[in-house]
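Below: the structure, in structure tokens.
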Amino acid sequence: MSTAASRPDLKFSGIAEERSFYSRFLTLEEKPTTTIRIVDRGEYYTVVSTDAVFVADSIYHTQSVLKTCNLDPVTAKKFGQQPKQYVTLSPQILSNLLKKCLLELGYKVEIYDKAWKLLRMASPGNIDSVADLLNVSIDNSIVIASLKLQFNPKDGNCLIGVAFVDTSDYKLGMLDILDNEVFSNLESFLIQLGVKECLVPDLSHAENNQEWTKIVNVIDRCGTAATLIRSSQFNKGNEDVENDLIKLTNDKLIMSLPQKFSPLALGACHALLDYLNLLSNSDVLGKFELVQHSLKEFIKLDASSIKALNLYPQGPSNPTMTSTQTSNFSYGFNSKGKVTSLFQLLNHCKTNAGIRLLNEWIKQPLTDMTKINTRHNLVEYLIDQLELRQLLQCDYLPLFPDLRRLTKRLIKNGTLEDVLKVYQFTKRVPELVQLLESFTNPDEENLADSENESSLEKLVQDTWIVPLQDRLDPLSKLEEMVETTIDLDAYEENNDFMIKVEFNQELGSIRDQLDNLREKIKQIHLEAAEDLGFDPEKKLKLENHHMHGWCMRLTRNDAKELRKHREYIELSTIKAGIFFSTKKLKEVASKTAELEKEYEKQQSILVKEIVSITLTYSPVLEKISLVLAHLDVLTSFAHVSSYAPIPYVRPTMHDFGSKRKTHLVASRHPVLEMQDDIVFIANDVDLEKDSKEFLIITGPNMGGKSTYIRQVGVITLMAQIGCFVPCEEAEIAVVDAILCRVGAGDSQLKGVSTFMVEMLETASILKNATENSLIIVDELGRGTSTYDGFGLAWAIAEHIAKKIKCFTLFATHFHELTSLADKLSNVVNMHVVAHIEQSEKSQHDSDDITLLYKVELGISDQSFGIHVAEVVQFPQKIVKMAKRKAAELEDLKQSNESLKKNKLSVSEINEGNQQLKKLLQSWVQSVKELGLDDPEKLSDDLRQKKAQELLKEITTGSPIKNPKYLEHIKSLLL
């Protein structure tokens, strides 16, 4: 652990520099807490004031690293009464800080020089300026978006012009989104693309400030950083924006499509390009690709669905962050298990491009039946071809480098090493094609007669083999260029990256001179070894020193021989020995150094040319990389489906239409069943249009309700991304949205209560759902009173079942909600089975509960909450008190229901109570006439006889005159 004593001090050359440093710091504009300011001091970095405290707590995890600024009185007076603190950072610690801020917390970073002049700015969606300082590999796409809105107060809807840029993949797109007042379509867009940062105009004083607040809340809920910029940045002529796009994409057809993009989207695009400052970066001009994105092509997912279905390991603030942090499964997942999310379960990809594509697919499940079935066909083929799958995963796919990273390195500061990696990439593609062809063109004796197998082989040809083969011809010229210019023998023998001497006459001349000089150096070394009497291999070392150039070294014990010969010149002494040279060696070494610099200079010019030529092949290479990523992901799906505890099955998909049905036999939660200490209990699921659309699931806590409803959502999503599913049989209706309301928590820092979060999520569901959606609701109405919660749950459930009429799984502890099935024919009651074994001692003692985790038709009339308290060993006194209070509340509930039913007034109740009191006093007197003061002393037979007499007196010949009150008493007693 670092301590304050081990950190370098913040040093100044004098009081004037120190005073200037802090004075300029005080003149900086006030910043939000989510922006961190760092000063580059040359050998180290410094963070001052509150940012220093943040760094100490978040990076060092101790405030002992903090130091107090030594201010002169004048500056201290300006700085304030409290002493300010600072902390210094090494480059490695700075890398950790940048990673924490930009990739995990969604903060912004500003880096200044010593005079507080801004050098670099970075944000979650724009990390290029600090990529060299991050020193980490980014496996996810970095997408930044910009929004420009047009509100329509009449119908409550709005039109959103959106522009987005994938800075990691050089892609740019625009679209218009028609949205409702809860901005559910915007939320789906942010989730689908995994947007890291979103630009919105600063309209804090505008009329639509309330709507913009909603938008910022939606952006925040998706784990996206919201950045406010001047509203004027969103205003620019359409022609100017189109000209900017032509420069970035080198596509002049944009000018011929003036109606392709709306003024809103073009305005958002201008703000985005200006924020990223792309047009001033000549390295990226012409490299961007204009892409299209349609919300309807994919399932709509909201932030709640991402969390509820545990699609990704949950980061500290970003629900879509594919970090290595483990999510917290709130419904019985083993925290020690390695697999805690669907992404981790399915990620057996062997290439970085495959990992990125899997990340994208999970957020973008398909809605097109043809595309879904195509993926299922390919997964089926790879499952059947075990040998091919193993060869791909073990011998072929792991050898392909990450082309995206290589391209970025080539653009910034490409080397021959990067070019050779591209060359190796191109050489491996034909080998992969040959492997795939060997399995699609088997020998005649092994040729399958099945028409199905033949169609699968054709699909493999069309999907993988042909696209790869079509791009091999252009790559042959790239390979020829590399083989002509780069010395491959030098690379294979000595791992040297150099230009062939034959390729350039001037370079060859310098190389020949260098070879001659090096031969002279070796000869001088051998002559010195003979002169001094040392073995040239073991004792007298020849080295190319970073300061002295070519020289010789002896150990300090052997160096005494040097002093016997005046021609040897001692250069320096270190622990390892003494470096020395001769006049002749120094001359040769000096000439060698000059020629090496000349060689490097000449070679660097040629390297730039080779890198530039290599970059022209980037579009072809990128398309090949996408084909390989597609192969990698589907191979991973096949691997997971085959090696699951119980192999997955291919689902039969039902398209949008009247005969929609989801029928799962022995379905399992794919992530939960992977936990080491869990034996998963499978359950059937039946959902059918017009008859079994809305399932109400009741049952005990910890009985498996949450797991049951969530696994339906996960299985549906798995099917629509192209994977097989954990069932024995599966028919699945394609859905256009998976909308979840489960496990809402409060956000105290944002002033949002649990109930408010619950209502916001539910409102979004009601606005977003169609008859083709899948809704998952878990314990709606818990954040308020029982009566209000039940009322809301009933109204929401009835609206979904009656108006929206989509597939819904509704887990609840409001048992009264089950009566909805008597009112609506498409509602079905299900319950989680639990066995209660009552103790033989007394009904007040503890009962044993056995949770069977089976879901069956019918109603559960108990919540078993007190039984669960006993399972976790609550104190017995508390358990008994809880049972007593629960019984009292149940009696009170029955009494209230009876009063409501008979509609008694207060005066009628008081009059009836007085009459009942007189009757009971008369009964007690009759007991005393038997000579007993205490009714408990009566014998069992006599006590039973007197009780029957009292019951008969009340219900028949009672002095109670009011018939309504009499009915009330009868209902309580009978």
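By order of appearance in the structure tokens: chains A, B, ..., then residues from 1 within every chain, and ligands from 1 in the order shown.
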Worksheet entry | Polymer residues at most 9 Å from stretch 546-551 of chain A, only C-alpha atoms, same-chain spacing of 5 or more positions, as a PyMOL selection string | chain A and resi 521+525+541+571+579-582+585-586+588-590+592-593
Just the selected residues (C-alpha atoms), exported as an mmCIF file, in the first residue's frame, please.
```
data_model
loop_
_atom_site.group_PDB
_atom_site.id
_atom_site.type_symbol
_atom_site.label_atom_id
_atom_site.label_comp_id
_atom_site.auth_asym_id
_atom_site.auth_seq_id
_atom_site.Cartn_x
_atom_site.Cartn_y
_atom_site.Cartn_z
ATOM 1 C CA ILE A 521 33.812 -4.502 -34.378
ATOM 2 C CA HIS A 525 36.741 -7.721 -29.931
ATOM 3 C CA LYS A 541 31.782 -9.296 -23.394
ATOM 4 C CA LEU A 571 34.308 4.364 -19.891
ATOM 5 C CA PHE A 579 32.954 -0.819 -19.681
ATOM 6 C CA PHE A 580 35.950 0.057 -21.841
ATOM 7 C CA SER A 581 36.900 0.688 -25.426
ATOM 8 C CA THR A 582 39.818 1.513 -27.730
ATOM 9 C CA LEU A 585 36.637 0.790 -31.595
ATOM 10 C CA LYS A 586 35.274 4.222 -30.674
ATOM 11 C CA VAL A 588 34.062 2.382 -35.710
ATOM 12 C CA ALA A 589 31.241 2.545 -33.114
ATOM 13 C CA SER A 590 30.662 6.238 -33.894
ATOM 14 C CA THR A 592 28.087 2.605 -36.889
ATOM 15 C CA ALA A 593 25.787 4.773 -34.811
#
```
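Note that DSSP on the backbone gives strand (DSSP E or B) to these residues of stretch 362-554 of chain A: A:Leu366, A:Ile486, A:Ile499, A:Lys541, A:Leu542, A:Glu543, A:Asn544, A:His545, A:Gly549, A:Trp550, A:Cys551, A:Met552, A:Arg553, A:Leu554.
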Please produce a file of those selected residues containing N, CA and C atoms, as a short mmCIF file (atom, residue, chain, number, x, y, z; two decimals), in the first residue's frame.
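Contents of again.cif, as written:
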```
data_model
loop_
_atom_site.label_atom_id
_atom_site.label_comp_id
_atom_site.auth_asym_id
_atom_site.auth_seq_id
_atom_site.Cartn_x
_atom_site.Cartn_y
_atom_site.Cartn_z
N LEU A 366 -32.90 -10.51 -32.45
CA LEU A 366 -33.58 -10.33 -33.73
C LEU A 366 -35.09 -10.49 -33.59
N ILE A 486 9.38 -6.57 -47.03
CA ILE A 486 9.81 -6.88 -45.66
C ILE A 486 10.67 -8.14 -45.66
N ILE A 499 13.22 -3.74 -43.54
CA ILE A 499 12.95 -3.70 -44.97
C ILE A 499 14.01 -4.53 -45.70
N LYS A 541 33.07 -9.46 -22.73
CA LYS A 541 31.78 -9.30 -23.39
C LYS A 541 31.82 -8.12 -24.36
N LEU A 542 31.18 -8.32 -25.51
CA LEU A 542 30.98 -7.24 -26.48
C LEU A 542 29.52 -6.79 -26.38
N GLU A 543 29.29 -5.48 -26.11
CA GLU A 543 27.94 -5.00 -25.88
C GLU A 543 27.69 -3.69 -26.62
N ASN A 544 26.42 -3.49 -26.95
CA ASN A 544 25.99 -2.22 -27.56
C ASN A 544 25.30 -1.41 -26.46
N HIS A 545 26.08 -0.60 -25.76
CA HIS A 545 25.59 0.14 -24.59
C HIS A 545 24.72 1.32 -25.02
N GLY A 549 27.54 3.18 -26.84
CA GLY A 549 27.56 2.49 -28.11
C GLY A 549 28.29 1.15 -27.99
N TRP A 550 28.92 0.72 -29.10
CA TRP A 550 29.64 -0.54 -29.05
C TRP A 550 30.88 -0.40 -28.16
N CYS A 551 31.00 -1.31 -27.19
CA CYS A 551 32.13 -1.31 -26.26
C CYS A 551 32.29 -2.71 -25.69
N MET A 552 33.27 -2.89 -24.80
CA MET A 552 33.53 -4.19 -24.18
C MET A 552 33.39 -4.07 -22.66
N ARG A 553 33.16 -5.22 -22.02
CA ARG A 553 32.98 -5.22 -20.57
C ARG A 553 33.71 -6.39 -19.93
N LEU A 554 34.37 -6.10 -18.81
CA LEU A 554 34.98 -7.11 -17.96
C LEU A 554 34.45 -6.95 -16.55
#
```
Worksheet entry | 12 Å contact set for A:Tyr491, only C-alpha atoms, chain neighbours under 3 positions out, as number ranges by chain | A: 416-417, 420-421, 483, 486-488, 494-500
Worksheet item: Which of these residues is nearest to A:Asn768, using only C-alpha atoms: A:Ser184, A:Gln85, A:Gln424, A:Thr635?
Response: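 Using only C-alpha atoms, A:Asn768 sits closest to A:Ser184.
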Discussion item. Can you tell me which residues surround A:Ser168 at a distance of at most 9 Å, considering only C-alpha atoms, apart from same-chain residues fewer than 3 positions away, and format the answer as a list in words?
Written reply: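 That gives Asp128, Ile138, Asn140, Ser141, Ile142, Val143, Val165, Lys171, Arg404, Arg405 and Lys408 of chain A.
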Run DSSP on the backbone and grab whatever in stretch 494-693 of chain A lands in helix (DSSP H, G or I); send it over as a tab-separated table (two decimals) with C-alpha atoms, in the first residue's frame.
```tsv
chain	number	residue	atom	x	y	z
A	494	ASN	CA	15.92	-13.12	-35.15
A	501	VAL	CA	17.85	-4.47	-48.73
A	502	GLU	CA	16.98	-5.47	-52.28
A	503	PHE	CA	13.88	-3.29	-52.19
A	505	GLN	CA	19.25	0.61	-53.41
A	506	GLU	CA	20.20	3.36	-50.96
A	507	LEU	CA	19.02	1.29	-48.02
A	508	GLY	CA	20.99	-1.68	-49.34
A	509	SER	CA	24.13	0.44	-49.56
A	510	ILE	CA	23.80	1.56	-45.96
A	511	ARG	CA	23.15	-2.02	-44.89
A	512	ASP	CA	26.32	-3.23	-46.60
A	513	GLN	CA	28.35	-0.54	-44.85
A	514	LEU	CA	26.81	-1.51	-41.50
A	515	ASP	CA	27.64	-5.16	-42.05
A	516	ASN	CA	31.29	-4.25	-42.80
A	517	LEU	CA	31.54	-2.08	-39.69
A	518	ARG	CA	30.06	-4.80	-37.51
A	519	GLU	CA	32.61	-7.25	-38.85
A	520	LYS	CA	35.35	-4.79	-37.86
A	521	ILE	CA	33.81	-4.50	-34.38
A	522	LYS	CA	33.87	-8.28	-34.00
A	523	GLN	CA	37.47	-8.40	-35.15
A	524	ILE	CA	38.50	-5.70	-32.63
A	525	HIS	CA	36.74	-7.72	-29.93
A	526	LEU	CA	38.64	-10.89	-30.81
A	527	GLU	CA	41.97	-9.02	-30.93
A	528	ALA	CA	41.31	-7.51	-27.48
A	529	ALA	CA	40.43	-10.94	-26.08
A	530	GLU	CA	43.70	-12.37	-27.37
A	531	ASP	CA	45.67	-9.35	-26.10
A	532	LEU	CA	44.15	-9.48	-22.60
A	558	ASP	CA	39.31	-9.07	-14.11
A	559	ALA	CA	39.62	-5.36	-14.88
A	560	LYS	CA	43.12	-5.11	-13.33
A	561	GLU	CA	44.49	-6.48	-16.61
A	562	LEU	CA	43.28	-3.33	-18.37
A	563	ARG	CA	45.71	-1.13	-16.45
A	564	LYS	CA	48.63	-3.07	-17.93
A	583	LYS	CA	40.45	4.46	-29.98
A	584	LYS	CA	39.82	2.32	-33.05
A	585	LEU	CA	36.64	0.79	-31.60
A	586	LYS	CA	35.27	4.22	-30.67
A	587	GLU	CA	35.74	5.44	-34.23
A	588	VAL	CA	34.06	2.38	-35.71
A	589	ALA	CA	31.24	2.55	-33.11
A	590	SER	CA	30.66	6.24	-33.89
A	591	LYS	CA	30.41	5.55	-37.63
A	592	THR	CA	28.09	2.61	-36.89
A	593	ALA	CA	25.79	4.77	-34.81
A	594	GLU	CA	25.60	7.41	-37.54
A	595	LEU	CA	24.83	4.82	-40.21
A	596	GLU	CA	22.20	3.17	-37.98
A	597	LYS	CA	20.43	6.53	-37.56
A	598	GLU	CA	20.60	7.07	-41.31
A	599	TYR	CA	19.28	3.55	-41.88
A	600	GLU	CA	16.40	4.11	-39.43
A	601	LYS	CA	15.57	7.44	-41.06
A	602	GLN	CA	15.54	5.94	-44.52
A	603	GLN	CA	13.63	2.88	-43.38
A	604	SER	CA	11.01	4.96	-41.52
A	605	ILE	CA	10.12	6.70	-44.80
A	606	LEU	CA	9.61	3.33	-46.47
A	607	VAL	CA	7.70	1.99	-43.45
A	608	LYS	CA	5.24	4.89	-43.67
A	609	GLU	CA	4.65	4.06	-47.32
A	610	ILE	CA	4.11	0.38	-46.55
A	611	VAL	CA	1.75	1.23	-43.65
A	612	SER	CA	-0.17	3.63	-45.87
A	613	ILE	CA	-0.60	0.94	-48.54
A	614	THR	CA	-1.65	-1.61	-45.92
A	615	LEU	CA	-4.35	0.75	-44.62
A	618	SER	CA	-8.75	-1.97	-44.23
A	619	PRO	CA	-12.31	-2.18	-45.69
A	620	VAL	CA	-11.66	-5.67	-47.10
A	621	LEU	CA	-9.95	-6.84	-43.92
A	622	GLU	CA	-12.75	-5.45	-41.74
A	623	LYS	CA	-15.37	-7.38	-43.71
A	624	ILE	CA	-13.34	-10.57	-43.30
A	625	SER	CA	-13.07	-9.85	-39.57
A	626	LEU	CA	-16.86	-9.54	-39.31
A	627	VAL	CA	-17.33	-12.93	-41.02
A	628	LEU	CA	-14.85	-14.49	-38.60
A	629	ALA	CA	-16.61	-12.85	-35.63
A	630	HIS	CA	-19.94	-14.26	-36.85
A	631	LEU	CA	-18.38	-17.73	-37.08
A	632	ASP	CA	-16.80	-17.32	-33.65
A	633	VAL	CA	-20.06	-16.36	-31.89
A	634	LEU	CA	-22.12	-19.16	-33.42
A	635	THR	CA	-19.35	-21.65	-32.61
A	636	SER	CA	-19.54	-20.40	-29.03
A	637	PHE	CA	-23.33	-20.92	-29.03
A	638	ALA	CA	-22.83	-24.48	-30.26
A	639	HIS	CA	-20.22	-25.12	-27.57
A	640	VAL	CA	-22.45	-23.82	-24.77
A	641	SER	CA	-25.48	-25.74	-26.08
A	642	SER	CA	-23.52	-29.00	-26.22
A	643	TYR	CA	-21.68	-28.78	-22.89
A	672	LEU	CA	-28.60	-20.56	-12.29
A	673	GLU	CA	-28.12	-24.19	-13.30
A	674	MET	CA	-24.38	-23.53	-13.75
```
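Closest approach to A:Ser294 among A:Ile177, A:Val216, A:Leu358, A:Ile859: A:Ile177, based on only C-alpha atoms.
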Practice prompt. Give me the residues within 9 Å of A:Cys269 as a list in words, counting only C-alpha atoms and dropping any in the same chain fewer than 4 places off.
Written response: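 So, after excluding close chain neighbours, the residues are Ala145, Ser146, Leu147, Gly161, Val162, Ala163, Phe164, Gly173, Met174, Phe234, Val241, Leu264, Ala265, Leu273 and Asp274 of chain A.
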Item to complete: Pick out the closest residue to A:Ile721 from this set: A:Thr374, A:Thr463, A:Thr555, A:Ser773. Count only C-alpha atoms.
Response: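 Of A:Thr374, A:Thr463, A:Thr555, A:Ser773, the one nearest A:Ile721 is A:Thr374, counting only C-alpha atoms.
Distances to A:Asn185 were evaluated for A:Ile765, A:Val714, A:Thr46, A:Thr662 using only C-alpha atoms, and the minimum falls at A:Ile765.
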Discussion item. Between A:Leu817, A:Leu311, A:Ile215, A:Met369, which residue has the minimum interatomic distance to A:Leu345, considering only C-alpha atoms?
Written reply: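 Selected residue with least distance to A:Leu345: A:Leu311.
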Discussion item. Env of A:Ala56: 7 Å cut, atoms = only C-alpha atoms, seq-sep filter 6 positions within chain, self excluded. Answer as a PyMOL selection string.
Written reply: chain A and resi 62-63+65-66
Could you turn the residues from that selection into a file that holds C-alpha atoms, as a PDB file, in the first residue's frame?
```pdb
ATOM      1  CA  THR A  62      -6.500   5.238   1.838  1.00  0.00           C
ATOM      2  CA  GLN A  63      -6.194   8.932   2.642  1.00  0.00           C
ATOM      3  CA  VAL A  65      -1.389   9.339   0.475  1.00  0.00           C
ATOM      4  CA  LEU A  66      -2.830  12.847   0.736  1.00  0.00           C
TER       5      LEU A  66
END
```
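Going from atom CA of A:Ser438 over to atom CA of A:Asn347, you cover 26.6 Å.
For the pair atom CA of A:Asn377 and atom CA of A:Tyr396, the separation is 21.9 Å.
One distance worth recording is that between atom CA of A:Phe439 and atom CA of A:Gln461, which is 10.5 Å.
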